[in-house]
Amino acid sequence: MKKIVLISALAAVLMMSGCSDKSKPAQVEAAKPLQTEEAIGLRKTTLYSEQTTLPSKTEYATNTLGSGVKYERAFDNAPPMIPHDTEGMLPITREDNQCIACHSPEVAESMGATPIPTSHFASFRPKPEIDKEGNLLYEGQKLKTTSDIKVIVHKLDELHKGRFNCSQCHAPQNVGDPLVENNFRPDYQNDTMKNRSNLLDTLNAGIN
Ligand code: HEC
Ligand code: HEC
């Protein structure tokens, strides 16, 4: 049995490589590394152990809730990052979503929290269909070109289910020293965009 397997494996190798010598790749001498693995990249410790690699753990900001600390948005309409402690709030489950309790538009102001924006009470998911003649309809309209596609906003009376898991987009931030400083400076439309979003008003800005 072993022999048969070996022979068929050999045959497969021969078939793959072709029988003529012409297809044989020229022998290349292995290049000697100019740098050791430890010296390349940002990590200056051995790749074979995590023991000496810092930072050993991510340290999330522990600003107490209500301390008023906020991060500037990374760019216009970027999801704001969570500036407060999330101890006991994550992971969000179907039964336990404390974020909504403070950030719902009805209560947010009284809690000193930014209200969940109107964009989260809407669905941007299109409803494409094919008509009897086989034309692609987008929101009931025949499309001439795909550049006719606009983001269509379906307003909802409740939070869109796709927004339920807040921490999918809004994340607590590490306060440790970054290996590389981020020098990115956003160019906001105006200064209010540093702390507020206006997504629904600007959604189709490039198209309109
Ligand atoms: C007990 C009330 C409370 C709970 C619960 C809560 N937050 Fe907050 N959140 C606040 C307050 C108050 C602020 C304003 C900053 C501050 O004072 O801490 C805030 C700020 C934020 C911000 C920054 C908003 C901005 O405009 O920059 C985000 C994002 C945020 N929270 C997301 C969340 C998420 C996600 C959860 C659930 C994991 C959550 N929060 C749970 C009260 C709460
Ligand atoms: C799919 C990604 C996503 C999810 C999930 C999500 N958000 Fe957002 N959120 C965003 C983005 C992007 C923005 C900025 C643009 C906008 O307002 O839509 C934003 C903006 C916000 C703002 C700032 C509003 C303002 O006026 O500046 C708050 C507060 C917020 N979200 C809270 C929440 C909470 C609470 C949840 C969970 C119930 C949640 N978000 C779920 C992506 C998300």
# chains A, B, ... in the order shown; residues from 1 in each chain; ligands from 1

call {"tool": "residues_near_ligand", "arguments": {"ligand": "ligand 1", "cutoff": "10 Å", "atoms": "only C-alpha atoms and all ligand atoms", "output": "ChimeraX atom specification"}}
result
/A:62-73,79-92,96-104,107-116,164-172,194-197

call {"tool": "select_by_dssp", "arguments": {"residues": "chain A", "states": "strand (DSSP E or B)", "output": "PDB file with N, CA, C and O atoms, in the first residue's frame"}}
result
ATOM      1  N   TYR A  60      -7.002  50.619  28.337  1.00  0.00           N
ATOM      2  CA  TYR A  60      -8.059  51.506  27.890  1.00  0.00           C
ATOM      3  C   TYR A  60      -8.185  52.704  28.809  1.00  0.00           C
ATOM      4  O   TYR A  60      -7.910  52.606  30.010  1.00  0.00           O
ATOM      5  N   ILE A  82     -14.902  56.098  22.021  1.00  0.00           N
ATOM      6  CA  ILE A  82     -15.471  56.154  23.376  1.00  0.00           C
ATOM      7  C   ILE A  82     -14.435  56.729  24.345  1.00  0.00           C
ATOM      8  O   ILE A  82     -13.363  56.155  24.504  1.00  0.00           O
ATOM      9  N   ALA A 122     -32.125  55.024  10.699  1.00  0.00           N
ATOM     10  CA  ALA A 122     -32.412  54.962   9.273  1.00  0.00           C
ATOM     11  C   ALA A 122     -31.691  53.755   8.703  1.00  0.00           C
ATOM     12  O   ALA A 122     -30.723  53.279   9.289  1.00  0.00           O
ATOM     13  N   SER A 123     -32.206  53.281   7.565  1.00  0.00           N
ATOM     14  CA  SER A 123     -31.523  52.189   6.872  1.00  0.00           C
ATOM     15  C   SER A 123     -31.040  52.714   5.531  1.00  0.00           C
ATOM     16  O   SER A 123     -31.778  53.389   4.823  1.00  0.00           O
ATOM     17  N   PRO A 128     -32.911  46.389  -4.172  1.00  0.00           N
ATOM     18  CA  PRO A 128     -32.850  46.161  -5.617  1.00  0.00           C
ATOM     19  C   PRO A 128     -33.798  45.043  -6.032  1.00  0.00           C
ATOM     20  O   PRO A 128     -34.048  44.132  -5.253  1.00  0.00           O
ATOM     21  N   GLU A 129     -34.383  45.153  -7.241  1.00  0.00           N
ATOM     22  CA  GLU A 129     -35.215  44.057  -7.758  1.00  0.00           C
ATOM     23  C   GLU A 129     -35.029  43.987  -9.265  1.00  0.00           C
ATOM     24  O   GLU A 129     -34.543  44.921  -9.875  1.00  0.00           O
ATOM     25  N   ILE A 130     -35.420  42.848  -9.839  1.00  0.00           N
ATOM     26  CA  ILE A 130     -35.360  42.659 -11.284  1.00  0.00           C
ATOM     27  C   ILE A 130     -36.806  42.649 -11.781  1.00  0.00           C
ATOM     28  O   ILE A 130     -37.625  41.903 -11.249  1.00  0.00           O
ATOM     29  N   LEU A 136     -32.652  45.721 -14.072  1.00  0.00           N
ATOM     30  CA  LEU A 136     -32.350  45.926 -12.658  1.00  0.00           C
ATOM     31  C   LEU A 136     -33.041  47.205 -12.184  1.00  0.00           C
ATOM     32  O   LEU A 136     -32.849  48.282 -12.745  1.00  0.00           O
ATOM     33  N   LEU A 137     -33.902  47.041 -11.217  1.00  0.00           N
ATOM     34  CA  LEU A 137     -34.570  48.213 -10.644  1.00  0.00           C
ATOM     35  C   LEU A 137     -33.932  48.525  -9.309  1.00  0.00           C
ATOM     36  O   LEU A 137     -33.651  47.630  -8.517  1.00  0.00           O
ATOM     37  N   TYR A 138     -33.692  49.795  -9.088  1.00  0.00           N
ATOM     38  CA  TYR A 138     -33.102  50.220  -7.833  1.00  0.00           C
ATOM     39  C   TYR A 138     -34.109  51.160  -7.202  1.00  0.00           C
ATOM     40  O   TYR A 138     -34.408  52.220  -7.755  1.00  0.00           O
ATOM     41  N   GLN A 141     -36.751  52.154  -9.645  1.00  0.00           N
ATOM     42  CA  GLN A 141     -36.344  52.916 -10.837  1.00  0.00           C
ATOM     43  C   GLN A 141     -35.399  52.074 -11.689  1.00  0.00           C
ATOM     44  O   GLN A 141     -34.556  51.365 -11.145  1.00  0.00           O
ATOM     45  N   LYS A 142     -35.559  52.227 -13.036  1.00  0.00           N
ATOM     46  CA  LYS A 142     -34.642  51.532 -13.930  1.00  0.00           C
ATOM     47  C   LYS A 142     -33.306  52.272 -13.924  1.00  0.00           C
ATOM     48  O   LYS A 142     -33.276  53.497 -14.036  1.00  0.00           O
ATOM     49  N   HIS A 154     -33.872  55.337   4.223  1.00  0.00           N
ATOM     50  CA  HIS A 154     -35.191  54.919   4.706  1.00  0.00           C
ATOM     51  C   HIS A 154     -35.245  55.249   6.188  1.00  0.00           C
ATOM     52  O   HIS A 154     -34.581  54.587   6.987  1.00  0.00           O
ATOM     53  N   LYS A 155     -35.990  56.279   6.545  1.00  0.00           N
ATOM     54  CA  LYS A 155     -36.064  56.652   7.968  1.00  0.00           C
ATOM     55  C   LYS A 155     -36.875  55.614   8.732  1.00  0.00           C
ATOM     56  O   LYS A 155     -37.856  55.076   8.224  1.00  0.00           O
ATOM     57  N   PRO A 172     -13.373  51.926  22.576  1.00  0.00           N
ATOM     58  CA  PRO A 172     -12.578  52.603  23.604  1.00  0.00           C
ATOM     59  C   PRO A 172     -11.136  52.723  23.116  1.00  0.00           C
ATOM     60  O   PRO A 172     -10.710  51.935  22.278  1.00  0.00           O
ATOM     61  N   ASN A 174      -6.874  53.057  23.497  1.00  0.00           N
ATOM     62  CA  ASN A 174      -5.692  52.698  24.265  1.00  0.00           C
ATOM     63  C   ASN A 174      -4.974  53.979  24.690  1.00  0.00           C
ATOM     64  O   ASN A 174      -4.837  54.891  23.890  1.00  0.00           O
TER      65      ASN A 174
END

call {"tool": "closest_residue", "arguments": {"among": "A:Thr145, A:Thr192, A:Asn204, A:Asn77", "to": "ligand 2", "atoms": "only C-alpha atoms and all ligand atoms"}}
result
A:Asn77

call {"tool": "residues_around", "arguments": {"residues": "A:Pro186", "least_positions_apart": "6", "cutoff": "8 Å", "atoms": "only C-alpha atoms", "output": "ChimeraX atom specification"}}
result
/A:74-76

call {"tool": "write_last_selection", "arguments": {"atoms": "N, CA and C atoms", "output": "compact mmCIF listing (two decimals), in the first residue's frame"}}
result
# COMPACT_ATOMS: atom_id res chain seq x y z
N ALA A 74 -11.91 61.69 14.00
CA ALA A 74 -10.73 61.41 13.18
C ALA A 74 -10.81 62.12 11.83
N PHE A 75 -12.03 62.35 11.37
CA PHE A 75 -12.29 63.10 10.12
C PHE A 75 -13.78 63.41 10.11
N ASP A 76 -14.25 64.16 9.14
CA ASP A 76 -15.67 64.49 9.06
C ASP A 76 -16.50 63.21 9.08

call {"tool": "closest_residue", "arguments": {"among": "A:Leu199, A:Ile149, A:Ala31, A:Leu42", "to": "ligand 2", "atoms": "only C-alpha atoms and all ligand atoms"}}
result
A:Leu199

call {"tool": "residues_around", "arguments": {"residues": "A:Phe121", "least_positions_apart": "6", "cutoff": "7 Å", "atoms": "only C-alpha atoms", "output": "list in words"}}
result
Lys155, Leu156, Asp157, Glu158, Leu159 and His160 of chain A

call {"tool": "closest_residue", "arguments": {"among": "A:Asn182, A:Asn208, A:Gln189, A:Thr118", "to": "ligand 2", "atoms": "only C-alpha atoms and all ligand atoms"}}
result
A:Thr118

call {"tool": "select_by_dssp", "arguments": {"residues": "stretch 14-188 of chain A", "states": "helix (DSSP H, G or I)", "output": "VMD selection string"}}
result
chain A and resid 14 to 17 21 to 23 37 to 39 98 to 103 105 to 111 118 to 121 146 to 148 161 to 163 166 to 168

call {"tool": "atom_distance", "arguments": {"atom1": "atom CA of A:Lys150", "atom2": "atom CA of A:Lys127"}}
result
12.2 Å

call {"tool": "closest_residue", "arguments": {"among": "A:Ala205, A:Val175, A:Val180, A:Ala78", "to": "ligand 2", "atoms": "only C-alpha atoms and all ligand atoms"}}
result
A:Ala78

call {"tool": "closest_residue", "arguments": {"among": "A:Ile207, A:Leu47, A:Val28, A:Val153", "to": "ligand 2", "atoms": "only C-alpha atoms and all ligand atoms"}}
result
A:Val153

call {"tool": "closest_residue", "arguments": {"among": "A:Pro33, A:Gly134, A:Gly206, A:Pro105", "to": "ligand 2", "atoms": "only C-alpha atoms and all ligand atoms"}}
result
A:Pro105

call {"tool": "decode", "arguments": {"residues": "stretch 36-65 of chain A", "atoms": "N, CA, C and O atoms", "output": "compact mmCIF listing (two decimals), in the first residue's frame"}}
result
# COMPACT_ATOMS: atom_id res chain seq x y z
N THR A 36 19.02 41.02 10.68
CA THR A 36 18.40 39.94 11.43
C THR A 36 16.91 40.26 11.55
O THR A 36 16.49 41.40 11.38
N GLU A 37 16.12 39.24 11.86
CA GLU A 37 14.68 39.44 11.98
C GLU A 37 14.32 40.49 13.03
O GLU A 37 13.34 41.19 12.92
N GLU A 38 15.16 40.56 14.09
CA GLU A 38 14.84 41.48 15.19
C GLU A 38 15.04 42.93 14.78
O GLU A 38 14.52 43.84 15.42
N ALA A 39 15.85 43.14 13.75
CA ALA A 39 16.22 44.52 13.42
C ALA A 39 15.27 45.14 12.38
O ALA A 39 15.34 46.33 12.13
N ILE A 40 14.42 44.33 11.79
CA ILE A 40 13.52 44.90 10.79
C ILE A 40 12.15 45.15 11.41
O ILE A 40 11.79 44.53 12.39
N GLY A 41 11.42 46.07 10.85
CA GLY A 41 10.08 46.35 11.34
C GLY A 41 10.13 47.19 12.61
O GLY A 41 11.20 47.64 13.05
N LEU A 42 8.98 47.38 13.22
CA LEU A 42 8.88 48.24 14.39
C LEU A 42 9.18 47.47 15.66
O LEU A 42 9.55 48.02 16.68
N ARG A 43 9.00 46.18 15.59
CA ARG A 43 9.19 45.34 16.75
C ARG A 43 10.67 45.03 16.90
O ARG A 43 11.30 44.54 15.98
N LYS A 44 11.24 45.38 18.04
CA LYS A 44 12.67 45.19 18.22
C LYS A 44 12.98 44.01 19.13
O LYS A 44 14.03 43.93 19.75
N THR A 45 12.04 43.10 19.26
CA THR A 45 12.27 41.93 20.10
C THR A 45 12.15 40.68 19.24
O THR A 45 11.61 40.74 18.14
N THR A 46 12.61 39.58 19.77
CA THR A 46 12.61 38.36 18.98
C THR A 46 11.18 37.95 18.59
O THR A 46 10.23 38.16 19.34
N LEU A 47 11.09 37.38 17.41
CA LEU A 47 9.78 36.96 16.92
C LEU A 47 9.33 35.67 17.59
O LEU A 47 8.20 35.24 17.43
N TYR A 48 10.25 35.03 18.31
CA TYR A 48 9.94 33.70 18.85
C TYR A 48 9.42 33.73 20.28
O TYR A 48 9.18 32.70 20.87
N SER A 49 9.28 34.94 20.84
CA SER A 49 8.74 35.02 22.20
C SER A 49 7.97 36.32 22.38
O SER A 49 8.32 37.35 21.81
N GLU A 50 6.93 36.25 23.17
CA GLU A 50 6.14 37.45 23.45
C GLU A 50 6.54 38.06 24.79
O GLU A 50 6.08 39.13 25.16
N GLN A 51 7.44 37.33 25.54
CA GLN A 51 7.76 37.72 26.91
C GLN A 51 8.29 39.14 27.04
O GLN A 51 7.91 39.87 27.93
N THR A 52 9.19 39.52 26.12
CA THR A 52 9.85 40.82 26.28
C THR A 52 9.21 41.91 25.41
O THR A 52 9.73 43.00 25.30
N THR A 53 8.11 41.54 24.80
CA THR A 53 7.50 42.49 23.86
C THR A 53 6.54 43.42 24.60
O THR A 53 5.62 42.98 25.25
N LEU A 54 6.79 44.72 24.49
CA LEU A 54 5.93 45.71 25.13
C LEU A 54 5.16 46.48 24.07
O LEU A 54 5.64 46.59 22.97
N PRO A 55 4.03 47.06 24.31
CA PRO A 55 3.32 46.98 25.57
C PRO A 55 2.69 45.60 25.74
O PRO A 55 2.24 45.01 24.77
N SER A 56 2.70 45.12 26.96
CA SER A 56 2.23 43.77 27.17
C SER A 56 0.71 43.70 27.11
O SER A 56 0.14 42.67 26.82
N LYS A 57 0.04 44.82 27.40
CA LYS A 57 -1.41 44.78 27.25
C LYS A 57 -1.95 46.15 26.86
O LYS A 57 -1.29 47.17 27.07
N THR A 58 -3.12 46.13 26.29
CA THR A 58 -3.76 47.37 25.90
C THR A 58 -4.37 47.98 27.15
O THR A 58 -5.03 47.29 27.91
N GLU A 59 -4.11 49.26 27.35
CA GLU A 59 -4.73 49.92 28.51
C GLU A 59 -5.75 50.92 28.04
O GLU A 59 -5.41 51.91 27.40
N TYR A 60 -7.00 50.62 28.34
CA TYR A 60 -8.06 51.51 27.89
C TYR A 60 -8.19 52.70 28.81
O TYR A 60 -7.91 52.61 30.01
N ALA A 61 -8.62 53.80 28.23
CA ALA A 61 -8.84 55.02 29.01
C ALA A 61 -9.83 54.70 30.12
O ALA A 61 -10.81 53.99 29.90
N THR A 62 -9.54 55.18 31.31
CA THR A 62 -10.45 54.89 32.42
C THR A 62 -11.11 56.18 32.92
O THR A 62 -11.46 56.29 34.08
N ASN A 63 -11.23 57.17 32.02
CA ASN A 63 -11.93 58.40 32.40
C ASN A 63 -13.29 58.01 32.96
O ASN A 63 -14.02 57.26 32.31
N THR A 64 -13.61 58.53 34.11
CA THR A 64 -14.91 58.17 34.67
C THR A 64 -16.01 58.76 33.81
O THR A 64 -15.83 59.82 33.21
N LEU A 65 -17.09 58.06 33.78
CA LEU A 65 -18.24 58.50 33.00
C LEU A 65 -18.69 59.86 33.49
O LEU A 65 -18.77 60.10 34.69
